[in-house]
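*Asks:* Next up is a structure, given as structure tokens.
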Amino acid sequence: MSVRVSDEMTKVRARAKRRLLIKRALTYLTAIVLSLWILLPIWLIASMALTTPEAMRNFPKGVLPFIPFSLDTMRFFLEARGIIPGLINSVVVALITLALSTLIAAPAGYALSRYVFRGHNAFRLSILAVRAFPVVILSIPLAVTFINLGMFDKVSSLALMHTALTLPTTVLVIGSVFASIPYELEEAAQVFGCTAFQAFRRVVLPLVLPGIAAAALFTFVMSWNEVFAATVLTVQNRTLPAQVLVSLREAPDAYKFAGGFFMLIPSVIFIMIIRKYLFNMWGQSSK
């Protein structure tokens, strides 16, 4: 009897081990498929952008990409009309948006996470509801308003629009970061002699800085990639995505691939940086 029970236990363990291996294999397979789904287009765009225009038009393609490796296509894109001014405008707009969104979202997120008041949940939903409206609904009336106020086609006006678009997400992200910090830490600091502001500055702020930095980077990338409002609200002072969009119909293939790759660079850098900050938020460490 004991031998039979031992055999049954061995079979149960073997089946459990097989199920675990199958589950792990499916997880790895799903991760590989998702990674290829994301990385393959980036790889193809990069291989087209980092070669000569002649090699880009050759068919069939060789087995190895980037042959010959050249910056001629990228140089052609950067020397096109309106690209350098558009790049400068994009950076300025994104930095202004980052600063305004962070300065407004940090206290708002702290208030939402620390204080309970009547209509608290409705207020949170109303913040998020701003993102439910299509950008076109906000852009057209704003264009008319900016024209009447003499603010049309200005970098500062576009930065205000981008701030309105990114602020709801930034508030909720930073609010979630503050909510993950126990309020007992602030109370303990006040017990040991700190004022409420000192407790926030010395205890809470160092803990939430990684999350605020991640939200700020996310805001920068959202502003950098936004194209519709930038196209509607600017004519002479277009951002880089808007300049590329209005030039696509007449632009050659080299311009399109180089523009796509150039606009991908900030997003890739953002992903590399945000990974460390997110791990810190979850109490993990990465090197």
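Labeling convention for the structure tokens: chains A, B, ... as they appear, residues from 1 per chain, ligands from 1 in order of appearance.
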Dump as CSV the rows for residues of range 155-182 of chain A within 10 Å of range 105-119 of chain A: closest atom pair and distance in Å with one decimal, only C-alpha atoms counted, ordered by chain and rising residue number.
*Replies:*
residue,atom,partner,partner_atom,distance
A:Thr166,CA,A:Ala105,CA,9.8
A:Leu167,CA,A:Ala105,CA,6.6
A:Pro168,CA,A:Ala105,CA,8.1
A:Thr169,CA,A:Ala105,CA,9.0
A:Thr170,CA,A:Ala105,CA,6.1
A:Val171,CA,A:Ala105,CA,4.5
A:Leu172,CA,A:Gly109,CA,6.4
A:Val173,CA,A:Gly109,CA,7.8
A:Ile174,CA,A:Gly109,CA,5.3
A:Gly175,CA,A:Gly109,CA,3.7
A:Ser176,CA,A:Ser113,CA,7.1
A:Val177,CA,A:Gly109,CA,8.3
A:Phe178,CA,A:Tyr110,CA,5.9
A:Ala179,CA,A:Ser113,CA,5.0
A:Ser180,CA,A:Ser113,CA,8.8
A:Ile181,CA,A:Ser113,CA,9.5
A:Pro182,CA,A:Arg114,CA,9.7
*Asks:* Any chance you could export the current selection's N, CA and C atoms as a PDB file, in the first residue's frame?
*Replies:*
ATOM      1  N   THR A 166      -1.814  66.396 -20.825  1.00  0.00           N
ATOM      2  CA  THR A 166      -1.005  65.477 -20.014  1.00  0.00           C
ATOM      3  C   THR A 166      -1.314  65.562 -18.528  1.00  0.00           C
ATOM      4  N   LEU A 167      -1.915  66.659 -18.086  1.00  0.00           N
ATOM      5  CA  LEU A 167      -2.109  66.866 -16.649  1.00  0.00           C
ATOM      6  C   LEU A 167      -2.963  65.792 -15.984  1.00  0.00           C
ATOM      7  N   PRO A 168      -4.093  65.344 -16.559  1.00  0.00           N
ATOM      8  CA  PRO A 168      -4.882  64.312 -15.860  1.00  0.00           C
ATOM      9  C   PRO A 168      -4.083  63.044 -15.563  1.00  0.00           C
ATOM     10  N   THR A 169      -3.366  62.554 -16.563  1.00  0.00           N
ATOM     11  CA  THR A 169      -2.567  61.344 -16.338  1.00  0.00           C
ATOM     12  C   THR A 169      -1.482  61.587 -15.311  1.00  0.00           C
ATOM     13  N   THR A 170      -0.822  62.738 -15.389  1.00  0.00           N
ATOM     14  CA  THR A 170       0.258  63.041 -14.445  1.00  0.00           C
ATOM     15  C   THR A 170      -0.264  63.144 -13.020  1.00  0.00           C
ATOM     16  N   VAL A 171      -1.432  63.767 -12.844  1.00  0.00           N
ATOM     17  CA  VAL A 171      -2.018  63.892 -11.498  1.00  0.00           C
ATOM     18  C   VAL A 171      -2.311  62.516 -10.913  1.00  0.00           C
ATOM     19  N   LEU A 172      -2.914  61.640 -11.700  1.00  0.00           N
ATOM     20  CA  LEU A 172      -3.280  60.323 -11.184  1.00  0.00           C
ATOM     21  C   LEU A 172      -2.044  59.467 -10.909  1.00  0.00           C
ATOM     22  N   VAL A 173      -1.021  59.578 -11.757  1.00  0.00           N
ATOM     23  CA  VAL A 173       0.204  58.798 -11.527  1.00  0.00           C
ATOM     24  C   VAL A 173       0.892  59.264 -10.252  1.00  0.00           C
ATOM     25  N   ILE A 174       1.075  60.572 -10.117  1.00  0.00           N
ATOM     26  CA  ILE A 174       1.744  61.091  -8.919  1.00  0.00           C
ATOM     27  C   ILE A 174       0.886  60.848  -7.682  1.00  0.00           C
ATOM     28  N   GLY A 175      -0.432  60.949  -7.826  1.00  0.00           N
ATOM     29  CA  GLY A 175      -1.297  60.638  -6.692  1.00  0.00           C
ATOM     30  C   GLY A 175      -1.155  59.192  -6.243  1.00  0.00           C
ATOM     31  N   SER A 176      -1.027  58.275  -7.190  1.00  0.00           N
ATOM     32  CA  SER A 176      -0.817  56.868  -6.837  1.00  0.00           C
ATOM     33  C   SER A 176       0.514  56.666  -6.134  1.00  0.00           C
ATOM     34  N   VAL A 177       1.521  57.422  -6.546  1.00  0.00           N
ATOM     35  CA  VAL A 177       2.827  57.315  -5.886  1.00  0.00           C
ATOM     36  C   VAL A 177       2.735  57.791  -4.447  1.00  0.00           C
ATOM     37  N   PHE A 178       2.076  58.926  -4.220  1.00  0.00           N
ATOM     38  CA  PHE A 178       1.904  59.416  -2.848  1.00  0.00           C
ATOM     39  C   PHE A 178       1.073  58.437  -2.018  1.00  0.00           C
ATOM     40  N   ALA A 179       0.059  57.828  -2.634  1.00  0.00           N
ATOM     41  CA  ALA A 179      -0.789  56.897  -1.887  1.00  0.00           C
ATOM     42  C   ALA A 179      -0.019  55.659  -1.441  1.00  0.00           C
ATOM     43  N   SER A 180       1.064  55.319  -2.148  1.00  0.00           N
ATOM     44  CA  SER A 180       1.851  54.144  -1.771  1.00  0.00           C
ATOM     45  C   SER A 180       2.752  54.408  -0.569  1.00  0.00           C
ATOM     46  N   ILE A 181       2.889  55.668  -0.153  1.00  0.00           N
ATOM     47  CA  ILE A 181       3.708  56.016   1.010  1.00  0.00           C
ATOM     48  C   ILE A 181       2.808  56.081   2.240  1.00  0.00           C
ATOM     49  N   PRO A 182       3.029  55.255   3.261  1.00  0.00           N
ATOM     50  CA  PRO A 182       2.158  55.268   4.445  1.00  0.00           C
ATOM     51  C   PRO A 182       2.159  56.628   5.138  1.00  0.00           C
TER      52      PRO A 182
END
*Asks:* Find the spatial neighbours of Asp72 in chain A, counting only C-alpha atoms, within a cut-off of 9 Å - ignore same-chain residues fewer than 5 positions away - and output them as a PyMOL selection string.
*Replies:* chain A and resi 49-53+77
*Asks:* What is the distance, in Å and to one decimal place, between CA of Pro141 in chain A and CA of Ser101 in chain A?
*Replies:* 21.7 Å
*Asks:* Rounded to one decimal, what separation in Å do you get between CA of Pro41 in chain A and CA of Glu250 in chain A?
*Replies:*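 Going from CA of Pro41 in chain A over to CA of Glu250 in chain A covers 22.9 Å.
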*Asks:* Between CA of Pro206 in chain A and CA of Pro266 in chain A, what is the distance in Å, rounded to a tenth?
*Replies:*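 According to the coordinates, CA of Pro206 in chain A and CA of Pro266 in chain A are separated by 26.0 Å.
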*Asks:* Excluding same-chain residues fewer than 3 positions from range 184-193 of chain A, what lies within 9 Å of it counting only C-alpha atoms, as an mmCIF file with N, CA and C atoms, in the first residue's frame?
*Replies:*
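Listing of out-v2.cif after writing:
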data_model
loop_
_atom_site.group_PDB
_atom_site.id
_atom_site.type_symbol
_atom_site.label_atom_id
_atom_site.label_comp_id
_atom_site.auth_asym_id
_atom_site.auth_seq_id
_atom_site.Cartn_x
_atom_site.Cartn_y
_atom_site.Cartn_z
ATOM 1 N N ILE A 181 2.889 55.668 -0.153
ATOM 2 C CA ILE A 181 3.708 56.016 1.010
ATOM 3 C C ILE A 181 2.808 56.081 2.240
ATOM 4 N N ALA A 196 4.758 69.796 9.673
ATOM 5 C CA ALA A 196 4.149 69.054 8.563
ATOM 6 C C ALA A 196 4.951 69.224 7.284
ATOM 7 N N GLN A 198 8.230 69.988 7.095
ATOM 8 C CA GLN A 198 9.507 69.293 7.258
ATOM 9 C C GLN A 198 9.339 67.788 7.100
ATOM 10 N N ALA A 199 8.247 67.237 7.605
ATOM 11 C CA ALA A 199 7.993 65.807 7.443
ATOM 12 C C ALA A 199 7.824 65.455 5.975
ATOM 13 N N PHE A 200 7.134 66.322 5.248
ATOM 14 C CA PHE A 200 6.971 66.076 3.807
ATOM 15 C C PHE A 200 8.313 66.168 3.091
ATOM 16 N N ARG A 202 11.483 65.967 4.259
ATOM 17 C CA ARG A 202 12.566 65.082 4.675
ATOM 18 C C ARG A 202 12.218 63.600 4.582
ATOM 19 N N VAL A 203 10.936 63.268 4.638
ATOM 20 C CA VAL A 203 10.538 61.863 4.669
ATOM 21 C C VAL A 203 9.838 61.442 3.381
ATOM 22 N N VAL A 204 8.773 62.168 3.018
ATOM 23 C CA VAL A 204 7.939 61.749 1.896
ATOM 24 C C VAL A 204 8.605 62.053 0.558
#
*Asks:* When DSSP is applied to the backbone of this structure, which of range 58-271 of chain A are assigned alpha helix (DSSP H)? Write them out as a VMD selection string.
*Replies:* chain A and resid 72 to 78 83 to 114 120 to 129 135 to 149 155 to 179 183 to 191 196 to 199 205 to 225 228 to 233 240 to 247 253 to 271
*Asks:* Pick out the closest residue to Thr102 in chain A from this set: A:Val155, A:Leu34, A:Ile212, A:Met272. Count only C-alpha atoms.
*Replies:*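 Of all the options, A:Ile212 lies closest to Thr102 in chain A.
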*Asks:* Quick one: contact table of range 242-266 of chain A to range 42-45 of chain A, 9 Å max, nearest atom pair and distance in Å to one decimal per residue, counting only C-alpha atoms, chain and number order, as a tab-separated table?
*Replies:*
residue	atom	partner	partner_atom	distance
A:Phe257	CA	A:Ile45	CA	5.8
A:Ala258	CA	A:Ile45	CA	7.7
A:Gly260	CA	A:Ile45	CA	7.0
A:Phe261	CA	A:Ile45	CA	6.0
A:Leu264	CA	A:Ile42	CA	8.0
*Asks:* With distances taken over only C-alpha atoms, which of A:Leu142, A:Val268, A:Leu40, A:Ala46 is nearest to Ser157 in chain A?
*Replies:*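 So, comparing all the options, the nearest one is A:Leu142.
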*Asks:* Find the residues around Asn89 in chain A up to 12 Å (only C-alpha atoms counted), leave out those fewer than 2 positions away in its own chain, and share them as an MDAnalysis selection string.
*Replies:* chainID A and resid 82:87 91:97 153:159 223:224 230 234 236:243
*Asks:* Would you save the residues of that selection, restricted to N, CA and C atoms, as an mmCIF file, in the first residue's frame?
*Replies:*
data_model
loop_
_atom_site.group_PDB
_atom_site.id
_atom_site.type_symbol
_atom_site.label_atom_id
_atom_site.label_comp_id
_atom_site.auth_asym_id
_atom_site.auth_seq_id
_atom_site.Cartn_x
_atom_site.Cartn_y
_atom_site.Cartn_z
ATOM 1 N N GLY A 82 12.673 73.148 -42.219
ATOM 2 C CA GLY A 82 11.796 73.163 -41.061
ATOM 3 C C GLY A 82 12.098 72.124 -40.000
ATOM 4 N N ILE A 83 13.067 71.228 -40.225
ATOM 5 C CA ILE A 83 13.315 70.156 -39.257
ATOM 6 C C ILE A 83 14.012 70.676 -38.013
ATOM 7 N N ILE A 84 15.099 71.424 -38.170
ATOM 8 C CA ILE A 84 15.827 71.929 -37.004
ATOM 9 C C ILE A 84 14.965 72.890 -36.181
ATOM 10 N N PRO A 85 14.283 73.874 -36.795
ATOM 11 C CA PRO A 85 13.362 74.693 -35.983
ATOM 12 C C PRO A 85 12.259 73.876 -35.319
ATOM 13 N N GLY A 86 11.738 72.849 -36.030
ATOM 14 C CA GLY A 86 10.726 71.993 -35.424
ATOM 15 C C GLY A 86 11.268 71.215 -34.242
ATOM 16 N N LEU A 87 12.521 70.745 -34.352
ATOM 17 C CA LEU A 87 13.156 70.033 -33.243
ATOM 18 C C LEU A 87 13.297 70.936 -32.027
ATOM 19 N N VAL A 91 11.366 70.437 -28.315
ATOM 20 C CA VAL A 91 12.068 70.353 -27.036
ATOM 21 C C VAL A 91 11.563 71.433 -26.082
ATOM 22 N N VAL A 92 11.390 72.663 -26.595
ATOM 23 C CA VAL A 92 10.918 73.762 -25.738
ATOM 24 C C VAL A 92 9.511 73.480 -25.228
ATOM 25 N N VAL A 93 8.619 73.059 -26.120
ATOM 26 C CA VAL A 93 7.242 72.767 -25.715
ATOM 27 C C VAL A 93 7.202 71.633 -24.698
ATOM 28 N N ALA A 94 7.985 70.572 -24.935
ATOM 29 C CA ALA A 94 7.983 69.434 -24.020
ATOM 30 C C ALA A 94 8.531 69.823 -22.651
ATOM 31 N N LEU A 95 9.567 70.662 -22.609
ATOM 32 C CA LEU A 95 10.129 71.083 -21.320
ATOM 33 C C LEU A 95 9.152 71.976 -20.555
ATOM 34 N N ILE A 96 8.486 72.893 -21.257
ATOM 35 C CA ILE A 96 7.488 73.737 -20.584
ATOM 36 C C ILE A 96 6.335 72.883 -20.066
ATOM 37 N N THR A 97 5.882 71.940 -20.902
ATOM 38 C CA THR A 97 4.805 71.046 -20.474
ATOM 39 C C THR A 97 5.215 70.230 -19.264
ATOM 40 N N ASP A 153 -0.375 80.210 -32.966
ATOM 41 C CA ASP A 153 0.921 79.921 -33.579
ATOM 42 C C ASP A 153 2.085 80.366 -32.697
ATOM 43 N N LYS A 154 1.973 80.084 -31.405
ATOM 44 C CA LYS A 154 3.050 80.379 -30.469
ATOM 45 C C LYS A 154 3.401 79.122 -29.688
ATOM 46 N N VAL A 155 4.685 79.001 -29.371
ATOM 47 C CA VAL A 155 5.157 77.830 -28.633
ATOM 48 C C VAL A 155 4.514 77.763 -27.254
ATOM 49 N N SER A 156 4.381 78.904 -26.599
ATOM 50 C CA SER A 156 3.798 78.918 -25.245
ATOM 51 C C SER A 156 2.342 78.457 -25.259
ATOM 52 N N SER A 157 1.595 78.835 -26.288
ATOM 53 C CA SER A 157 0.193 78.413 -26.383
ATOM 54 C C SER A 157 0.091 76.906 -26.568
ATOM 55 N N LEU A 158 0.942 76.354 -27.411
ATOM 56 C CA LEU A 158 0.932 74.906 -27.612
ATOM 57 C C LEU A 158 1.336 74.176 -26.338
ATOM 58 N N ALA A 159 2.268 74.748 -25.576
ATOM 59 C CA ALA A 159 2.669 74.134 -24.309
ATOM 60 C C ALA A 159 1.504 74.099 -23.326
ATOM 61 N N SER A 223 4.170 64.823 -24.716
ATOM 62 C CA SER A 223 4.228 66.104 -25.422
ATOM 63 C C SER A 223 5.048 65.987 -26.695
ATOM 64 N N TRP A 224 6.148 65.251 -26.643
ATOM 65 C CA TRP A 224 7.009 65.081 -27.814
ATOM 66 C C TRP A 224 6.259 64.387 -28.948
ATOM 67 N N ALA A 230 -0.676 70.089 -32.269
ATOM 68 C CA ALA A 230 0.440 70.878 -32.800
ATOM 69 C C ALA A 230 0.193 71.281 -34.246
ATOM 70 N N THR A 234 -0.513 75.508 -34.770
ATOM 71 C CA THR A 234 0.700 76.168 -35.256
ATOM 72 C C THR A 234 0.736 76.131 -36.779
ATOM 73 N N GLN A 236 3.645 78.488 -38.514
ATOM 74 C CA GLN A 236 5.063 78.797 -38.718
ATOM 75 C C GLN A 236 5.951 78.154 -37.659
ATOM 76 N N ASN A 237 5.433 77.990 -36.458
ATOM 77 C CA ASN A 237 6.225 77.446 -35.340
ATOM 78 C C ASN A 237 5.807 76.020 -35.040
ATOM 79 N N ARG A 238 5.868 75.167 -36.035
ATOM 80 C CA ARG A 238 5.453 73.780 -35.865
ATOM 81 C C ARG A 238 6.484 73.004 -35.060
ATOM 82 N N THR A 239 5.979 72.013 -34.309
ATOM 83 C CA THR A 239 6.874 71.070 -33.653
ATOM 84 C C THR A 239 7.341 70.025 -34.667
ATOM 85 N N LEU A 240 8.293 69.193 -34.261
ATOM 86 C CA LEU A 240 8.854 68.210 -35.191
ATOM 87 C C LEU A 240 7.804 67.225 -35.698
ATOM 88 N N PRO A 241 6.959 66.596 -34.849
ATOM 89 C CA PRO A 241 5.935 65.690 -35.395
ATOM 90 C C PRO A 241 4.986 66.377 -36.370
ATOM 91 N N ALA A 242 4.590 67.619 -36.067
ATOM 92 C CA ALA A 242 3.689 68.337 -36.963
ATOM 93 C C ALA A 242 4.376 68.646 -38.289
ATOM 94 N N GLN A 243 5.648 69.027 -38.241
ATOM 95 C CA GLN A 243 6.387 69.320 -39.465
ATOM 96 C C GLN A 243 6.535 68.071 -40.329
#
*Asks:* Just want the 10 Å neighbourhood of Arg57 in chain A, counted on only C-alpha atoms, with same-chain residues fewer than 6 positions away dropped. Output as a list in words.
*Replies:*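 The residues that qualify are Met48, Asp253 and Ala254 of chain A.
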*Asks:* Kindly export the residues of the current selection with N, CA and C atoms, as a PDB file, in the first residue's frame.
*Replies:*
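The new file part.pdb reads:
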ATOM      1  N   MET A  48      16.489  51.010 -42.149  1.00  0.00           N
ATOM      2  CA  MET A  48      16.278  51.877 -43.310  1.00  0.00           C
ATOM      3  C   MET A  48      16.893  53.258 -43.095  1.00  0.00           C
ATOM      4  N   ASP A 253      10.953  58.594 -49.541  1.00  0.00           N
ATOM      5  CA  ASP A 253      10.983  57.520 -48.544  1.00  0.00           C
ATOM      6  C   ASP A 253      12.096  57.726 -47.516  1.00  0.00           C
ATOM      7  N   ALA A 254      13.226  58.250 -47.954  1.00  0.00           N
ATOM      8  CA  ALA A 254      14.332  58.474 -47.012  1.00  0.00           C
ATOM      9  C   ALA A 254      13.911  59.428 -45.901  1.00  0.00           C
TER      10      ALA A 254
END
